[in-house]
Amino acid sequence: GPQYRLAQMFPGVPPDIREKYRFDWTTVTVPEMVEALKEACSVKLQDGSRGIPPHPSVANKAIDFVLANRDYLGRRMKKTLGRWTMHHASKGDFEKAKEWKQVWKNFLTLENHISAPFRQILQDAEGRVGPNFGNLDVRSFCTGELYERIGNYVVLKGMVAHWQQKVQDAIFYENNFEPEEGSVLYLGKGDPRRYLADSPILWSLQECSQVFKRAQEMCDLFVGDEELFGDFPPEIVFLEEALKIKGGTTLRKY
């Protein structure tokens, strides 16, 4: 049901499970982290030995372990496991490299398994919000169950951030003339498709500002509607309020 979908969107573990698997981040080292992850991902195999289950299976213990430490794993752990695998391969220890490649692949599968509901909910929300861009009657297409409305909000907020960045890029181009020989800083700023003869994107300051303003209006209307935003969980309300704060010190105090 809807509550189950909301739980899938923002998965977590009970306090006792978190306490059991949580790293002590004040003392833990990277080798200890990868070894602990490998142990959590391992199960008893058909031949009686202990190892990584065949792809795409994952262990329930591994799911709990990743959720308990997810704020410090994610993309950085993906890179770490890749480097750890290549480290053994570079030393000629191909058995170890193969073993850690299995752990790496299993961790990627875990990440996809855990984040798939969130991505699917956002994809569905994009299908509702995208075709209605510019429509200020947000209630006509943003209603639904709580998890659906949260998805709509995240898409709207992401849309605001996307076009705000485009406005910043456009301001950079407006205030900086292109050097005669070009520069990495200038050419690497913003969407490179702006240089195409018949560019398919909006990139001028006027165009980006207009789209950004409308995206901000849609998001503000959504947040201001008690029926749409009034029952949101504290984490999302915190995000909305925190993103309004300017200045790192003030934000950290909040």
# chains A, B, ... in the order shown; residues from 1 in each chain; ligands from 1
call {"tool": "residues_around", "arguments": {"residues": "region 100-113 of chain A", "least_positions_apart": "3", "cutoff": "10 Å", "atoms": "only C-alpha atoms", "output": "short mmCIF file (atom, residue, chain, number, x, y, z; two decimals) with C-alpha atoms, in the first residue's frame"}}
result
data_model
loop_
_atom_site.label_atom_id
_atom_site.label_comp_id
_atom_site.auth_asym_id
_atom_site.auth_seq_id
_atom_site.Cartn_x
_atom_site.Cartn_y
_atom_site.Cartn_z
CA VAL A 34 35.69 -3.08 3.05
CA GLU A 35 36.30 -6.25 5.07
CA LEU A 37 31.15 -5.00 4.01
CA LYS A 38 32.48 -8.21 2.46
CA GLU A 39 31.51 -10.16 5.57
CA CYS A 41 27.52 -9.54 1.92
CA SER A 42 28.69 -13.15 2.35
CA GLY A 51 31.17 -16.24 -0.06
CA ILE A 52 29.29 -13.71 -2.18
CA PRO A 53 25.94 -15.05 -3.45
CA PRO A 54 25.47 -15.51 -7.20
CA HIS A 55 24.37 -12.39 -9.06
CA PRO A 56 21.80 -10.83 -8.69
CA SER A 57 21.08 -12.25 -5.22
CA VAL A 58 21.82 -10.15 -2.13
CA ALA A 59 21.84 -11.04 1.57
CA ASN A 60 19.31 -9.51 3.95
CA ALA A 62 23.94 -6.89 3.63
CA ILE A 63 20.86 -4.71 3.08
CA VAL A 66 24.36 -0.82 3.93
CA LEU A 67 21.32 1.02 5.28
CA ARG A 70 24.57 4.48 3.90
CA LEU A 73 28.96 4.48 1.65
CA GLY A 74 27.21 5.11 -1.67
CA ARG A 75 29.31 6.54 -4.50
CA MET A 77 32.34 3.02 -1.56
CA LYS A 78 31.72 2.12 -5.21
CA LYS A 79 34.98 3.86 -6.10
CA THR A 80 36.82 2.33 -3.16
CA LEU A 81 35.85 -1.23 -4.11
CA GLY A 82 36.85 -0.58 -7.71
CA ARG A 83 40.26 0.69 -6.62
CA TRP A 84 40.66 -2.21 -4.18
CA THR A 85 39.97 -4.67 -7.00
CA MET A 86 42.46 -2.97 -9.32
CA HIS A 88 45.09 -6.62 -6.27
CA ALA A 89 45.09 -6.98 -10.05
CA PHE A 94 44.15 -12.21 -9.83
CA GLU A 95 42.32 -14.56 -7.47
CA LYS A 96 41.97 -11.75 -4.94
CA ALA A 97 41.01 -9.33 -7.71
CA ALA A 116 15.20 1.50 -7.19
CA PRO A 117 11.85 2.42 -5.54
CA ARG A 119 14.12 6.31 -8.66
#
call {"tool": "select_by_dssp", "arguments": {"residues": "region 8-154 of chain A", "states": "helix (DSSP H, G or I)", "output": "JSON, numbers by chain"}}
result
{"A": [8, 9, 15, 16, 17, 18, 19, 20, 21, 30, 31, 32, 33, 34, 35, 36, 37, 38, 39, 40, 41, 60, 61, 62, 63, 64, 65, 66, 67, 68, 70, 71, 72, 74, 75, 76, 77, 78, 79, 80, 81, 82, 83, 84, 85, 86, 87, 88, 89, 90, 94, 95, 96, 97, 98, 99, 100, 101, 102, 103, 104, 105, 106, 107, 108, 109, 110, 111, 112, 113, 114, 115, 116, 117, 118, 119, 120, 121, 122, 123, 124, 125, 126, 127, 128, 129, 130, 131, 132, 139, 140, 141, 142, 146, 147, 148, 149, 150, 151, 152, 153, 154]}
call {"tool": "closest_residue", "arguments": {"among": "A:Met9, A:Ala170, A:Cys208, A:Ile245", "to": "Ile121 (chain A)", "atoms": "only C-alpha atoms"}}
result
A:Met9
call {"tool": "closest_residue", "arguments": {"among": "A:Glu226, A:Asp220, A:Glu145, A:Glu240", "to": "Tyr4 (chain A)", "atoms": "only C-alpha atoms"}}
result
A:Glu145
call {"tool": "atom_distance", "arguments": {"atom1": "CA of Gly134 (chain A)", "atom2": "CA of Val237 (chain A)"}}
result
23.8 Å
call {"tool": "atom_distance", "arguments": {"atom1": "CA of Gly158 (chain A)", "atom2": "CA of Gln216 (chain A)"}}
result
10.4 Å
call {"tool": "closest_residue", "arguments": {"among": "A:Gly130, A:Pro14, A:Gly48, A:Pro200", "to": "Ala215 (chain A)", "atoms": "only C-alpha atoms"}}
result
A:Gly130
call {"tool": "select_by_dssp", "arguments": {"residues": "region 27-251 of chain A", "states": "strand (DSSP E)", "output": "count of residues only"}}
result
4
call {"tool": "residues_around", "arguments": {"residues": "Cys219 (chain A)", "least_positions_apart": "4", "cutoff": "7 Å", "atoms": "only C-alpha atoms", "output": "NGL selection string"}}
result
:A and (156-157 or 215 or 223)
call {"tool": "closest_residue", "arguments": {"among": "A:Ala125, A:Val167, A:Met33, A:Leu185", "to": "Leu202 (chain A)", "atoms": "only C-alpha atoms"}}
result
A:Val167
call {"tool": "residues_around", "arguments": {"residues": "Tyr147 (chain A)", "least_positions_apart": "5", "cutoff": "12 Å", "atoms": "only C-alpha atoms", "output": "PDB file with C-alpha atoms, in the first residue's frame"}}
result
ATOM      1  CA  GLY A   1       0.000   0.000   0.000  1.00  0.00           C
ATOM      2  CA  PRO A   2       0.933   3.711   0.054  1.00  0.00           C
ATOM      3  CA  GLN A   3       2.697   3.514   3.440  1.00  0.00           C
ATOM      4  CA  TYR A   4       4.811   0.616   2.213  1.00  0.00           C
ATOM      5  CA  ARG A   5       5.798   2.583  -0.885  1.00  0.00           C
ATOM      6  CA  LEU A   6       6.780   5.519   1.323  1.00  0.00           C
ATOM      7  CA  ALA A   7       8.924   3.191   3.440  1.00  0.00           C
ATOM      8  CA  GLN A   8      10.581   1.887   0.267  1.00  0.00           C
ATOM      9  CA  MET A   9      11.257   5.428  -0.879  1.00  0.00           C
ATOM     10  CA  PHE A  10      13.168   6.280   2.300  1.00  0.00           C
ATOM     11  CA  PRO A 117      11.846   2.417  -5.539  1.00  0.00           C
ATOM     12  CA  PHE A 118      12.997   6.027  -5.036  1.00  0.00           C
ATOM     13  CA  GLN A 120      10.883   4.739  -9.937  1.00  0.00           C
ATOM     14  CA  ILE A 121       8.721   7.087  -7.872  1.00  0.00           C
ATOM     15  CA  LEU A 122      10.659  10.089  -9.203  1.00  0.00           C
ATOM     16  CA  ASP A 124       6.626   8.538 -12.369  1.00  0.00           C
ATOM     17  CA  ALA A 125       6.559  12.057 -10.874  1.00  0.00           C
ATOM     18  CA  CYS A 142       0.243  16.966  -8.186  1.00  0.00           C
ATOM     19  CA  ASN A 152       6.254  15.537  -7.216  1.00  0.00           C
ATOM     20  CA  TYR A 153       7.884  17.899  -4.714  1.00  0.00           C
ATOM     21  CA  VAL A 154      11.371  16.458  -5.266  1.00  0.00           C
ATOM     22  CA  LEU A 228      -0.419  18.951  -0.983  1.00  0.00           C
ATOM     23  CA  PHE A 229       2.383  19.720   1.497  1.00  0.00           C
ATOM     24  CA  ASP A 231       1.295  16.162   5.905  1.00  0.00           C
ATOM     25  CA  PHE A 232       4.876  15.797   4.670  1.00  0.00           C
ATOM     26  CA  PRO A 233       7.363  14.033   6.984  1.00  0.00           C
ATOM     27  CA  ILE A 236      11.171  16.871   3.752  1.00  0.00           C
TER      28      ILE A 236
END
call {"tool": "residues_around", "arguments": {"residues": "Phe172 (chain A)", "least_positions_apart": "5", "cutoff": "12 Å", "atoms": "only C-alpha atoms", "output": "PyMOL selection string"}}
result
chain A and resi 165-167+177-178+185-190+203-205
call {"tool": "write_last_selection", "arguments": {"atoms": "N, CA, C and O atoms", "output": "PDB file, in the first residue's frame"}}
result
ATOM      1  N   GLN A 165      20.861  26.862 -11.788  1.00  0.00           N
ATOM      2  CA  GLN A 165      22.235  26.679 -12.261  1.00  0.00           C
ATOM      3  C   GLN A 165      22.399  27.222 -13.668  1.00  0.00           C
ATOM      4  O   GLN A 165      23.424  27.832 -14.010  1.00  0.00           O
ATOM      5  N   LYS A 166      21.376  27.014 -14.513  1.00  0.00           N
ATOM      6  CA  LYS A 166      21.451  27.543 -15.878  1.00  0.00           C
ATOM      7  C   LYS A 166      21.477  29.069 -15.869  1.00  0.00           C
ATOM      8  O   LYS A 166      22.142  29.689 -16.702  1.00  0.00           O
ATOM      9  N   VAL A 167      20.750  29.678 -14.939  1.00  0.00           N
ATOM     10  CA  VAL A 167      20.791  31.140 -14.820  1.00  0.00           C
ATOM     11  C   VAL A 167      22.185  31.589 -14.412  1.00  0.00           C
ATOM     12  O   VAL A 167      22.724  32.561 -14.960  1.00  0.00           O
ATOM     13  N   PHE A 177      33.531  37.977 -21.657  1.00  0.00           N
ATOM     14  CA  PHE A 177      33.696  37.845 -23.098  1.00  0.00           C
ATOM     15  C   PHE A 177      34.607  36.667 -23.395  1.00  0.00           C
ATOM     16  O   PHE A 177      35.585  36.423 -22.683  1.00  0.00           O
ATOM     17  N   GLU A 178      34.316  35.946 -24.464  1.00  0.00           N
ATOM     18  CA  GLU A 178      35.105  34.779 -24.820  1.00  0.00           C
ATOM     19  C   GLU A 178      36.508  35.206 -25.233  1.00  0.00           C
ATOM     20  O   GLU A 178      36.671  36.069 -26.098  1.00  0.00           O
ATOM     21  N   LEU A 185      38.112  27.187 -18.718  1.00  0.00           N
ATOM     22  CA  LEU A 185      37.091  27.699 -17.811  1.00  0.00           C
ATOM     23  C   LEU A 185      35.857  28.154 -18.580  1.00  0.00           C
ATOM     24  O   LEU A 185      34.731  27.840 -18.220  1.00  0.00           O
ATOM     25  N   TYR A 186      36.076  28.880 -19.658  1.00  0.00           N
ATOM     26  CA  TYR A 186      34.959  29.428 -20.421  1.00  0.00           C
ATOM     27  C   TYR A 186      34.217  28.324 -21.170  1.00  0.00           C
ATOM     28  O   TYR A 186      32.999  28.231 -21.129  1.00  0.00           O
ATOM     29  N   LEU A 187      34.976  27.469 -21.867  1.00  0.00           N
ATOM     30  CA  LEU A 187      34.354  26.429 -22.682  1.00  0.00           C
ATOM     31  C   LEU A 187      33.732  25.325 -21.829  1.00  0.00           C
ATOM     32  O   LEU A 187      32.818  24.634 -22.266  1.00  0.00           O
ATOM     33  N   GLY A 188      34.225  25.145 -20.602  1.00  0.00           N
ATOM     34  CA  GLY A 188      33.718  24.083 -19.749  1.00  0.00           C
ATOM     35  C   GLY A 188      32.544  24.484 -18.890  1.00  0.00           C
ATOM     36  O   GLY A 188      32.041  23.683 -18.109  1.00  0.00           O
ATOM     37  N   LYS A 189      32.091  25.714 -19.001  1.00  0.00           N
ATOM     38  CA  LYS A 189      30.991  26.201 -18.180  1.00  0.00           C
ATOM     39  C   LYS A 189      29.655  25.924 -18.859  1.00  0.00           C
ATOM     40  O   LYS A 189      29.472  26.226 -20.040  1.00  0.00           O
ATOM     41  N   GLY A 190      28.713  25.360 -18.129  1.00  0.00           N
ATOM     42  CA  GLY A 190      27.370  25.177 -18.658  1.00  0.00           C
ATOM     43  C   GLY A 190      27.261  24.047 -19.662  1.00  0.00           C
ATOM     44  O   GLY A 190      28.125  23.181 -19.778  1.00  0.00           O
ATOM     45  N   TRP A 203      19.562  28.823 -23.493  1.00  0.00           N
ATOM     46  CA  TRP A 203      20.804  29.136 -22.797  1.00  0.00           C
ATOM     47  C   TRP A 203      21.011  30.624 -22.527  1.00  0.00           C
ATOM     48  O   TRP A 203      21.865  31.005 -21.734  1.00  0.00           O
ATOM     49  N   SER A 204      20.212  31.498 -23.147  1.00  0.00           N
ATOM     50  CA  SER A 204      20.386  32.924 -22.895  1.00  0.00           C
ATOM     51  C   SER A 204      19.893  33.273 -21.497  1.00  0.00           C
ATOM     52  O   SER A 204      19.050  32.564 -20.917  1.00  0.00           O
ATOM     53  N   LEU A 205      20.385  34.357 -20.945  1.00  0.00           N
ATOM     54  CA  LEU A 205      20.007  34.765 -19.600  1.00  0.00           C
ATOM     55  C   LEU A 205      18.511  35.052 -19.506  1.00  0.00           C
ATOM     56  O   LEU A 205      17.852  34.673 -18.530  1.00  0.00           O
TER      57      LEU A 205
END
call {"tool": "closest_residue", "arguments": {"among": "A:Asn135, A:Ser183, A:Ser140, A:Ser199", "to": "Arg214 (chain A)", "atoms": "only C-alpha atoms"}}
result
A:Asn135
call {"tool": "closest_residue", "arguments": {"among": "A:Gly12, A:Val160, A:Asp198, A:Glu126", "to": "Phe212 (chain A)", "atoms": "only C-alpha atoms"}}
result
A:Val160
call {"tool": "atom_distance", "arguments": {"atom1": "CA of Leu243 (chain A)", "atom2": "CA of Pro11 (chain A)"}}
result
22.7 Å
